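A.B. asks: Just one file: work14.txt, with compact mmCIF, C-alpha atoms.
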```txt
# COMPACT_ATOMS: atom_id res chain seq x y z
CA MET A 1 59.03 97.49 94.15
CA SER A 2 56.30 98.39 96.68
CA PRO A 3 56.93 97.44 100.30
CA ILE A 4 55.65 94.08 101.48
CA LYS A 5 52.50 94.40 103.58
CA VAL A 6 52.19 92.03 106.51
CA LEU A 7 49.41 91.63 109.07
CA LEU A 8 50.35 90.05 112.40
CA VAL A 9 47.58 88.50 114.53
CA ASP A 10 48.33 87.18 118.00
CA ASP A 11 46.66 87.74 121.36
CA GLU A 12 50.03 88.72 122.88
CA GLU A 13 50.01 92.46 122.25
CA GLU A 14 53.59 93.03 123.33
CA LEU A 15 54.73 90.27 121.01
CA VAL A 16 52.97 91.45 117.84
CA SER A 17 53.65 95.14 118.42
CA THR A 18 57.40 94.54 118.88
CA LEU A 19 57.52 92.10 115.98
CA ALA A 20 55.81 94.71 113.78
CA GLU A 21 58.36 97.31 114.89
CA ARG A 22 61.23 94.99 114.01
CA LEU A 23 59.74 94.12 110.62
CA ALA A 24 59.31 97.84 109.93
CA LEU A 25 63.03 98.32 110.61
CA ARG A 26 63.57 95.77 107.82
CA GLY A 27 61.47 97.71 105.34
CA ILE A 28 58.21 95.83 105.76
CA HIS A 29 54.88 97.58 106.26
CA ALA A 30 53.60 95.63 109.25
CA ASP A 31 50.23 96.11 110.96
CA TRP A 32 49.17 94.12 113.97
CA THR A 33 46.09 93.24 115.97
CA THR A 34 45.19 90.96 118.86
CA ARG A 35 41.60 90.38 117.68
CA PRO A 36 40.54 88.15 114.79
CA GLU A 37 37.48 90.26 114.04
CA ASP A 38 39.72 93.31 113.74
CA ALA A 39 41.97 91.38 111.35
CA LEU A 40 38.96 90.75 109.10
CA ARG A 41 37.97 94.43 109.22
CA ARG A 42 41.49 95.49 108.26
CA LEU A 43 41.31 93.42 105.10
CA GLU A 44 38.60 95.75 103.86
CA VAL A 45 41.00 98.70 103.77
CA CYS A 46 44.35 97.04 103.13
CA LYS A 47 45.36 94.12 100.99
CA TYR A 48 48.10 92.26 102.80
CA ASP A 49 50.67 90.14 101.03
CA VAL A 50 51.24 87.94 104.08
CA ALA A 51 49.31 87.30 107.28
CA VAL A 52 51.16 85.83 110.24
CA LEU A 53 48.61 84.14 112.50
CA ASP A 54 48.84 82.51 115.90
CA VAL A 55 47.22 79.07 115.73
CA LYS A 56 45.46 79.64 119.06
CA ILE A 57 43.65 82.97 119.25
CA PRO A 58 40.73 83.65 121.59
CA ARG A 59 37.26 83.30 120.11
CA MET A 60 38.40 82.20 116.64
CA ASN A 61 41.43 80.01 116.06
CA GLY A 62 44.07 80.81 113.44
CA ILE A 63 42.85 78.14 111.04
CA GLU A 64 39.29 79.49 111.07
CA LEU A 65 40.61 83.03 110.71
CA LYS A 66 42.68 82.02 107.67
CA LYS A 67 39.59 80.62 105.99
CA GLU A 68 37.64 83.82 106.66
CA MET A 69 40.53 85.97 105.45
CA GLU A 70 40.84 83.97 102.25
CA LYS A 71 37.22 84.78 101.43
CA LYS A 72 38.02 88.49 101.64
CA CYS A 73 41.48 88.55 100.13
CA ALA A 74 42.43 85.58 98.00
CA HIS A 75 46.00 86.67 97.28
CA THR A 76 47.16 86.85 100.93
CA LYS A 77 49.65 84.14 101.90
CA PHE A 78 49.85 82.70 105.42
CA ILE A 79 52.40 81.82 108.06
CA PHE A 80 51.32 80.21 111.32
CA LEU A 81 52.89 80.75 114.74
CA THR A 82 52.39 78.52 117.72
CA GLY A 83 53.48 78.52 121.31
CA HIS A 84 52.38 74.94 121.88
CA GLY A 85 54.25 72.93 119.31
CA SER A 86 51.84 70.04 119.95
CA GLU A 87 51.42 67.35 117.31
CA GLN A 88 47.80 68.34 116.76
CA ASP A 89 48.76 71.98 116.23
CA PHE A 90 51.49 70.93 113.84
CA ARG A 91 49.08 68.79 111.83
CA GLU A 92 46.51 71.58 111.61
CA GLY A 93 48.96 74.40 110.97
CA SER A 94 51.17 72.58 108.51
CA GLN A 95 48.15 71.27 106.60
CA GLU A 96 46.88 74.82 106.15
CA ALA A 97 50.12 76.67 105.50
CA GLY A 98 52.61 73.94 104.63
CA PRO A 99 55.07 72.58 107.19
CA GLU A 100 57.78 75.07 106.21
CA PHE A 101 55.46 78.00 107.01
CA TYR A 102 54.60 76.86 110.50
CA LEU A 103 56.90 78.47 113.06
CA VAL A 104 57.24 77.71 116.75
CA LYS A 105 57.67 80.62 119.18
CA PRO A 106 60.03 82.21 120.01
CA VAL A 107 60.63 83.06 116.37
CA ASN A 108 63.94 84.15 114.87
CA ILE A 109 63.14 87.30 112.91
CA GLU A 110 65.56 86.43 110.14
CA ASP A 111 63.75 83.08 109.71
CA LEU A 112 60.46 84.93 109.53
CA MET A 113 61.88 87.36 106.96
CA GLU A 114 63.13 84.43 104.91
CA LYS A 115 59.70 82.73 105.00
CA ILE A 116 57.94 85.96 103.99
CA ASN A 117 60.27 86.46 101.04
CA GLN A 118 60.00 82.79 100.10
CA LEU A 119 56.19 82.98 100.06
CA LEU A 120 56.30 86.03 97.82
CA GLY A 121 59.01 84.66 95.54
CA ARG A 122 61.45 87.48 96.34
CA MET B 1 40.91 51.35 133.44
CA ASP B 2 37.39 50.53 134.56
CA THR B 3 37.85 50.60 138.34
CA LYS B 4 37.22 53.61 140.53
CA CYS B 5 40.96 54.05 141.02
CA GLY B 6 41.43 53.78 137.27
CA ILE B 7 38.96 56.56 136.55
CA LEU B 8 40.46 58.85 139.18
CA GLY B 9 43.97 58.12 137.94
CA GLN B 10 43.10 58.70 134.30
CA THR B 11 41.12 61.84 135.06
CA GLY B 12 43.94 63.13 137.25
CA LEU B 13 46.54 62.58 134.55
CA GLN B 14 44.36 64.29 131.95
CA PHE B 15 43.90 67.24 134.29
CA PHE B 16 47.61 67.40 135.03
CA GLY B 17 48.39 67.21 131.31
CA ARG B 18 45.96 69.95 130.30
CA ILE B 19 47.16 72.33 132.98
CA THR B 20 50.87 71.76 132.35
CA ALA B 21 50.38 72.10 128.58
CA SER B 22 48.63 75.41 129.16
CA ILE B 23 51.44 76.55 131.48
CA SER B 24 54.03 75.63 128.85
CA HIS B 25 52.08 77.68 126.29
CA GLU B 26 52.04 80.69 128.61
CA ILE B 27 55.75 80.40 129.29
CA LYS B 28 56.40 80.12 125.55
CA ASN B 29 54.49 83.35 125.05
CA VAL B 30 56.54 85.12 127.71
CA LEU B 31 59.74 83.85 126.08
CA ALA B 32 58.49 85.03 122.70
CA VAL B 33 57.88 88.56 124.03
CA LEU B 34 61.30 88.61 125.71
CA ASN B 35 62.86 87.31 122.51
CA GLU B 36 61.34 90.11 120.43
CA ASN B 37 62.34 92.79 122.91
CA ALA B 38 65.90 91.47 123.17
CA GLY B 39 65.94 91.41 119.37
CA LEU B 40 64.69 94.99 119.22
CA LEU B 41 67.54 96.04 121.52
CA GLN B 42 70.00 94.37 119.14
CA ASP B 43 68.36 96.15 116.23
CA VAL B 44 68.66 99.60 117.79
CA VAL B 45 72.27 98.98 118.85
CA LEU B 46 73.13 97.98 115.28
CA MET B 47 71.40 101.14 114.07
CA ALA B 48 73.33 103.22 116.63
CA GLU B 49 76.57 101.75 115.33
CA LYS B 50 75.55 103.04 111.92
CA GLY B 51 75.04 106.54 113.34
CA ILE B 52 71.29 106.55 114.07
CA PRO B 53 70.89 108.01 117.59
CA LEU B 54 69.45 105.85 120.35
CA ASN B 55 66.05 106.87 121.70
CA PRO B 56 66.27 106.64 125.52
CA GLU B 57 62.47 106.64 125.91
CA ARG B 58 62.18 103.64 123.59
CA LEU B 59 64.88 101.83 125.54
CA LYS B 60 63.03 102.54 128.79
CA GLY B 61 59.89 101.10 127.21
CA VAL B 62 61.70 97.91 126.21
CA ALA B 63 63.18 97.54 129.71
CA GLY B 64 59.72 98.06 131.22
CA THR B 65 58.17 95.43 128.97
CA MET B 66 60.88 92.92 129.80
CA GLY B 67 60.47 93.59 133.53
CA LYS B 68 56.70 93.04 133.30
CA GLN B 69 57.17 89.80 131.41
CA ILE B 70 59.64 88.53 134.00
CA GLN B 71 57.08 89.26 136.73
CA ARG B 72 54.43 87.48 134.65
CA ALA B 73 56.67 84.43 134.25
CA ASP B 74 57.37 84.46 137.97
CA GLY B 75 53.63 84.31 138.66
CA ILE B 76 53.14 81.47 136.19
CA VAL B 77 55.98 79.44 137.70
CA GLU B 78 54.73 80.16 141.22
CA ASN B 79 51.30 78.78 140.27
CA MET B 80 52.90 75.78 138.57
CA ASN B 81 54.89 75.05 141.71
CA ARG B 82 51.81 75.24 143.93
CA PHE B 83 49.91 73.03 141.51
CA ALA B 84 52.69 70.44 141.43
CA HIS B 85 52.78 70.30 145.23
CA ALA B 86 49.07 69.47 145.37
CA VAL B 87 50.04 65.80 145.17
CA ASP B 88 52.41 65.96 148.16
CA GLU B 89 49.85 65.07 150.82
CA ASN B 90 46.89 62.75 150.71
CA THR B 91 44.86 64.83 153.13
CA LYS B 92 45.38 68.32 154.49
CA GLU B 93 43.59 71.42 155.69
CA ILE B 94 42.85 73.60 152.70
CA ASP B 95 41.80 77.22 152.35
CA ILE B 96 39.22 76.90 149.59
CA HIS B 97 39.67 80.53 148.55
CA GLU B 98 43.39 79.98 148.00
CA THR B 99 42.61 76.87 145.98
CA LEU B 100 40.05 78.72 143.88
CA SER B 101 42.46 81.60 143.26
CA LEU B 102 45.15 79.14 142.18
CA LEU B 103 42.71 77.38 139.84
CA LEU B 104 41.50 80.64 138.34
CA GLY B 105 45.12 81.60 137.71
CA LEU B 106 45.83 78.25 136.10
CA THR B 107 42.71 78.29 133.94
CA ARG B 108 42.58 81.95 132.92
CA ARG B 109 44.06 81.09 129.54
CA PHE B 110 41.32 78.52 128.91
CA ALA B 111 38.77 81.20 129.78
CA ASP B 112 40.45 83.73 127.48
CA MET B 113 40.41 81.25 124.61
CA ARG B 114 36.67 80.81 125.11
CA GLY B 115 36.09 84.54 125.56
CA VAL B 116 34.83 84.00 129.13
CA THR B 117 35.47 86.48 131.94
CA LEU B 118 36.08 84.84 135.31
CA SER B 119 34.87 86.92 138.28
CA PRO B 120 35.79 85.71 141.76
CA ALA B 121 33.17 86.87 144.25
CA TYR B 122 34.64 85.60 147.48
CA GLY B 123 36.42 87.63 150.09
CA ASN B 124 39.98 87.48 151.30
CA SER B 125 39.17 85.66 154.51
CA GLY B 126 39.72 81.92 154.35
CA LYS B 127 37.19 79.12 154.40
CA PHE B 128 38.80 75.88 155.45
CA LEU B 129 38.12 72.21 154.85
CA THR B 130 40.08 68.99 155.10
CA SER B 131 40.40 67.14 151.85
CA ASN B 132 42.70 65.72 149.21
CA PRO B 133 44.23 68.78 147.50
CA PHE B 134 44.73 67.25 144.07
CA PHE B 135 41.34 65.55 143.77
CA LEU B 136 39.74 68.77 145.01
CA GLU B 137 41.51 70.86 142.36
CA ASN B 138 40.58 68.29 139.74
CA LEU B 139 36.90 68.35 140.74
CA LEU B 140 36.78 72.15 140.78
CA TRP B 141 38.48 72.25 137.39
CA CYS B 142 35.78 69.92 135.99
CA PHE B 143 33.09 72.25 137.31
CA LEU B 144 34.90 75.33 135.99
CA ASP B 145 35.34 73.69 132.59
CA PHE B 146 31.66 72.78 132.40
CA ALA B 147 30.55 76.18 133.72
CA MET B 148 32.68 78.07 131.17
CA GLY B 149 30.75 76.28 128.46
CA ALA B 150 27.41 77.22 129.99
CA THR B 151 27.78 81.01 130.29
CA GLY B 152 25.65 81.69 127.22
CA GLU B 153 26.00 84.97 125.37
CA ASP B 154 27.11 86.97 128.43
CA ARG B 155 30.33 84.95 128.73
CA GLU B 156 30.77 85.90 132.36
CA LEU B 157 31.28 83.35 135.10
CA THR B 158 31.09 84.35 138.75
CA ILE B 159 32.56 82.08 141.42
CA ALA B 160 31.22 82.53 144.95
CA THR B 161 31.38 80.50 148.16
CA GLU B 162 28.94 79.81 150.98
CA GLU B 163 29.59 78.06 154.27
CA ASN B 164 27.64 76.30 157.00
CA GLU B 165 28.67 74.14 159.92
CA HIS B 166 29.39 71.04 157.88
CA ALA B 167 30.10 72.10 154.33
CA ILE B 168 31.47 74.71 151.99
CA ARG B 169 29.46 75.34 148.85
CA ILE B 170 31.10 76.66 145.73
CA CYS B 171 28.70 78.40 143.39
CA PHE B 172 29.36 78.82 139.68
CA GLU B 173 26.98 81.61 138.72
CA GLY B 174 25.89 83.49 135.63
CA LEU B 175 25.29 80.33 133.62
CA LYS B 176 22.73 81.78 131.22
CA GLY B 177 23.29 78.88 128.86
CA LEU B 178 22.70 76.21 131.50
CA ALA B 179 19.16 75.44 130.36
CA GLU B 180 20.41 74.59 126.86
CA LYS B 181 23.09 72.18 128.10
CA ASP B 182 22.42 68.49 127.87
CA ALA B 183 21.12 67.70 131.37
CA GLY B 184 22.44 64.15 131.21
CA ALA B 185 25.97 65.07 130.17
CA PHE B 186 27.07 66.46 133.51
CA PRO B 187 28.29 65.12 135.80
CA SER B 188 30.03 62.49 133.71
CA GLU B 189 31.70 59.40 135.08
CA ARG B 190 34.86 61.33 135.96
CA GLU B 191 33.07 64.03 137.98
CA SER B 192 30.94 61.38 139.69
CA ALA B 193 34.07 59.44 140.71
CA LEU B 194 35.72 62.59 142.05
CA MET B 195 32.61 63.64 143.98
CA LYS B 196 32.33 60.17 145.47
CA ALA B 197 35.98 60.21 146.54
CA LEU B 198 35.54 63.63 148.17
CA ASP B 199 32.04 62.97 149.59
CA ALA B 200 30.92 65.96 147.59
CA ASP B 201 27.48 66.69 146.21
CA PHE B 202 26.15 69.06 143.61
CA THR B 203 22.98 70.77 142.50
CA MET B 204 22.16 72.17 139.10
CA GLU B 205 19.91 75.22 139.36
CA PRO B 206 18.93 76.41 135.86
CA VAL B 207 16.39 78.88 137.22
CA ARG B 208 19.14 80.64 139.18
CA SER B 209 21.62 80.10 136.33
CA ARG B 210 24.10 78.32 138.54
CA ILE B 211 25.55 75.04 139.62
CA VAL B 212 26.73 74.43 143.15
CA VAL B 213 29.15 71.87 144.48
CA ALA B 214 29.01 71.16 148.22
CA LEU B 215 32.21 69.96 149.87
CA PRO B 216 32.16 68.52 153.39
CA LYS B 217 34.55 70.16 155.80
CA LYS B 218 35.90 66.72 156.70
CA GLY B 219 35.57 65.10 153.33
CA PHE B 220 38.40 62.81 152.40
CA ARG B 221 39.11 59.49 154.02
```
Take the structure in the file and give it back as structure tokens.
C.D. replies:
Amino acid sequence: MSPIKVLLVDDEEELVSTLAERLALRGIHADWTTRPEDALRRLEVCKYDVAVLDVKIPRMNGIELKKEMEKKCAHTKFIFLTGHGSEQDFREGSQEAGPEFYLVKPVNIEDLMEKINQLLGR
Amino acid sequence: MDTKCGILGQTGLQFFGRITASISHEIKNVLAVLNENAGLLQDVVLMAEKGIPLNPERLKGVAGTMGKQIQRADGIVENMNRFAHAVDENTKEIDIHETLSLLLGLTRRFADMRGVTLSPAYGNSGKFLTSNPFFLENLLWCFLDFAMGATGEDRELTIATEENEHAIRICFEGLKGLAEKDAGAFPSERESALMKALDADFTMEPVRSRIVVALPKKGFR
């Protein structure tokens, strides 16, 4: 079975880079970026199984980014992260990804692993 | 809430809510970074127990990141504390540069989300006025919020100050998109109520791509 490919997008560089490192230790091929436009460029060279997106990203929010990513790569599944946990964020994020795939920071990595596997039916 | 006090109270609560929500988001982000780095330490210890050697350089990097995040959180909490104490006194002598620096710190995340660079262009020396600290911060926030939406394609907002015998003027410059903004939309009722309470005045200068708010040195009664 080929390794799961995950793209992490969050404007907190030290969060996504460390999260990617920890996912890699668990056998996942994890790339990361802090810029939504870079996330869209990456889709042209790599098909990701799962994208983990912050709901609030500068210049383009996570919901808008998901819609743009879906146009480029229809098979990618999504998990949303939020630092806010506001009701509005929950409504938006859970509507797009499903309430079970909307995680509030700080995230437990084993929960994230479980959600990734659940999305991919593994 | 259709009285002057009602508008000021409602506006003040909205301002307080937006700033504290933003602070909570920033603190959440710091906690998330700390959480991942603490988790990474656990991961490498587990690996070491299985015979994979520890990498001291990587451990130093993790410690450095955690130290930086703790300093960042300290700055956020310091700003939050100063912001919360703005309601302690009805009237006091205020260094406008300190107030602007606090506001820029509190609103940097809003600017980041909008892709706007905030550039303070005032010196270190103080410019002082007597006013109500909370209403003043609220008014300046309203101007900042409006100005961030009027920066046009350059997305750079410069904040400068000028002073004469009676007033301090705060200039929000670089507003290349000011001409396209709806001239009637600003100031709204909330900014008008705040300016009235502080005896402040403002000018919109599309030709110079700036708006200026003038605050009297003895402004709040």
A.B. asks: Rank nothing, just name the residue among A:Met1, A:Leu112, A:Leu19, A:Ile79 nearest to Asp31 of chain A, using all atoms listed in the file.
C.D. replies: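 Nearest candidate to Asp31 of chain A out of A:Met1, A:Leu112, A:Leu19, A:Ile79: A:Leu19.
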A.B. asks: Compile the residues of chain A that lie within 10 Å of chain B, evaluated using only C-alpha atoms, and express the compilation as a PyMOL selection string.
C.D. replies: chain A and resi 11-23+25-26+56-61+82-86+104-109
A.B. asks: For the selection just defined, write its residues with C-alpha atoms to a file, as a PDB file, in the coordinates of the input.
C.D. replies:
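Result saved to again.pdb:
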```pdb
ATOM      1  CA  ASP A  11      46.660  87.740 121.360  1.00  0.00           C
ATOM      2  CA  GLU A  12      50.030  88.720 122.880  1.00  0.00           C
ATOM      3  CA  GLU A  13      50.010  92.460 122.250  1.00  0.00           C
ATOM      4  CA  GLU A  14      53.590  93.030 123.330  1.00  0.00           C
ATOM      5  CA  LEU A  15      54.730  90.270 121.010  1.00  0.00           C
ATOM      6  CA  VAL A  16      52.970  91.450 117.840  1.00  0.00           C
ATOM      7  CA  SER A  17      53.650  95.140 118.420  1.00  0.00           C
ATOM      8  CA  THR A  18      57.400  94.540 118.880  1.00  0.00           C
ATOM      9  CA  LEU A  19      57.520  92.100 115.980  1.00  0.00           C
ATOM     10  CA  ALA A  20      55.810  94.710 113.780  1.00  0.00           C
ATOM     11  CA  GLU A  21      58.360  97.310 114.890  1.00  0.00           C
ATOM     12  CA  ARG A  22      61.230  94.990 114.010  1.00  0.00           C
ATOM     13  CA  LEU A  23      59.740  94.120 110.620  1.00  0.00           C
ATOM     14  CA  LEU A  25      63.030  98.320 110.610  1.00  0.00           C
ATOM     15  CA  ARG A  26      63.570  95.770 107.820  1.00  0.00           C
ATOM     16  CA  LYS A  56      45.460  79.640 119.060  1.00  0.00           C
ATOM     17  CA  ILE A  57      43.650  82.970 119.250  1.00  0.00           C
ATOM     18  CA  PRO A  58      40.730  83.650 121.590  1.00  0.00           C
ATOM     19  CA  ARG A  59      37.260  83.300 120.110  1.00  0.00           C
ATOM     20  CA  MET A  60      38.400  82.200 116.640  1.00  0.00           C
ATOM     21  CA  ASN A  61      41.430  80.010 116.060  1.00  0.00           C
ATOM     22  CA  THR A  82      52.390  78.520 117.720  1.00  0.00           C
ATOM     23  CA  GLY A  83      53.480  78.520 121.310  1.00  0.00           C
ATOM     24  CA  HIS A  84      52.380  74.940 121.880  1.00  0.00           C
ATOM     25  CA  GLY A  85      54.250  72.930 119.310  1.00  0.00           C
ATOM     26  CA  SER A  86      51.840  70.040 119.950  1.00  0.00           C
ATOM     27  CA  VAL A 104      57.240  77.710 116.750  1.00  0.00           C
ATOM     28  CA  LYS A 105      57.670  80.620 119.180  1.00  0.00           C
ATOM     29  CA  PRO A 106      60.030  82.210 120.010  1.00  0.00           C
ATOM     30  CA  VAL A 107      60.630  83.060 116.370  1.00  0.00           C
ATOM     31  CA  ASN A 108      63.940  84.150 114.870  1.00  0.00           C
ATOM     32  CA  ILE A 109      63.140  87.300 112.910  1.00  0.00           C
TER      33      ILE A 109
END
```
A.B. asks: Report, as lines of an AutoDock Vina configuration file, the axis-aligned box around all atoms of segment 139-156 of chain B present in the file, extended by 4 Å on each side; give centre and edge lengths in Å to one decimal place.
C.D. replies:
```
center_x = 32.1
center_y = 77.7
center_z = 133.1
size_x = 20.8
size_y = 26.6
size_z = 23.4
```
A.B. asks: If you measure from atom CA of Ala214 of chain B to atom CA of Met80 of chain B, what distance in Å do you get, rounded to one decimal?
C.D. replies: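 Between these atoms lies a distance of 26.2 Å.
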A.B. asks: Quote the spacing between atom CA of Asn79 of chain B and atom CA of Phe15 of chain B in Å to one decimal place.
C.D. replies: 15.0 Å
A.B. asks: Could you pull the residues within 7 Å of Thr76 of chain A, counting all atoms listed in the file, minus those fewer than 6 positions along the same chain, as a PDB file with C-alpha atoms, in the frame of the given file?
C.D. replies:
```pdb
ATOM      1  CA  TYR A  48      48.100  92.260 102.800  1.00  0.00           C
ATOM      2  CA  ASP A  49      50.670  90.140 101.030  1.00  0.00           C
ATOM      3  CA  VAL A  50      51.240  87.940 104.080  1.00  0.00           C
ATOM      4  CA  ALA A  51      49.310  87.300 107.280  1.00  0.00           C
TER       5      ALA A  51
END
```
A.B. asks: Between B:Ser125, B:Thr107, B:Thr11, B:Ser209, which has the minimum distance to Leu178 of chain B (counting all atoms listed in the file)?
C.D. replies: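 Checking each candidate against Leu178 of chain B, we get B:Ser209 as the closest.
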A.B. asks: Considering only C-alpha atoms, can you say which of B:Phe135, B:Phe16, B:Phe172, B:Phe128 comes closest to Leu157 of chain B?
C.D. replies: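 Nearest to Leu157 of chain B: B:Phe172.
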A.B. asks: Between atom CA of Val52 of chain A and atom CA of Asn55 of chain B, what is the distance in Å, rounded to a tenth?
C.D. replies: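 That distance, rounded to one decimal, is 28.2 Å.
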A.B. asks: Give me, as a PyMOL selection string, all polymer residues having an atom no more than 10 Å from Thr99 of chain B, counting only C-alpha atoms and skipping those fewer than 2 positions away in the same chain.
C.D. replies: chain B and resi 82-83+86+94-97+101-105+133+136-137+140
A.B. asks: Counting all atoms listed in the file, which residue out of A:Leu103, A:Met113, A:Cys73, A:Glu68 sits closest to Gly27 of chain A?
C.D. replies: A:Met113
A.B. asks: Write out as a PyMOL selection string which residues come within 7 Å of Tyr102 of chain A when counting all atoms listed in the file, dropping same-chain ones fewer than 6 positions away.
C.D. replies: chain A and resi 79-81+93-94
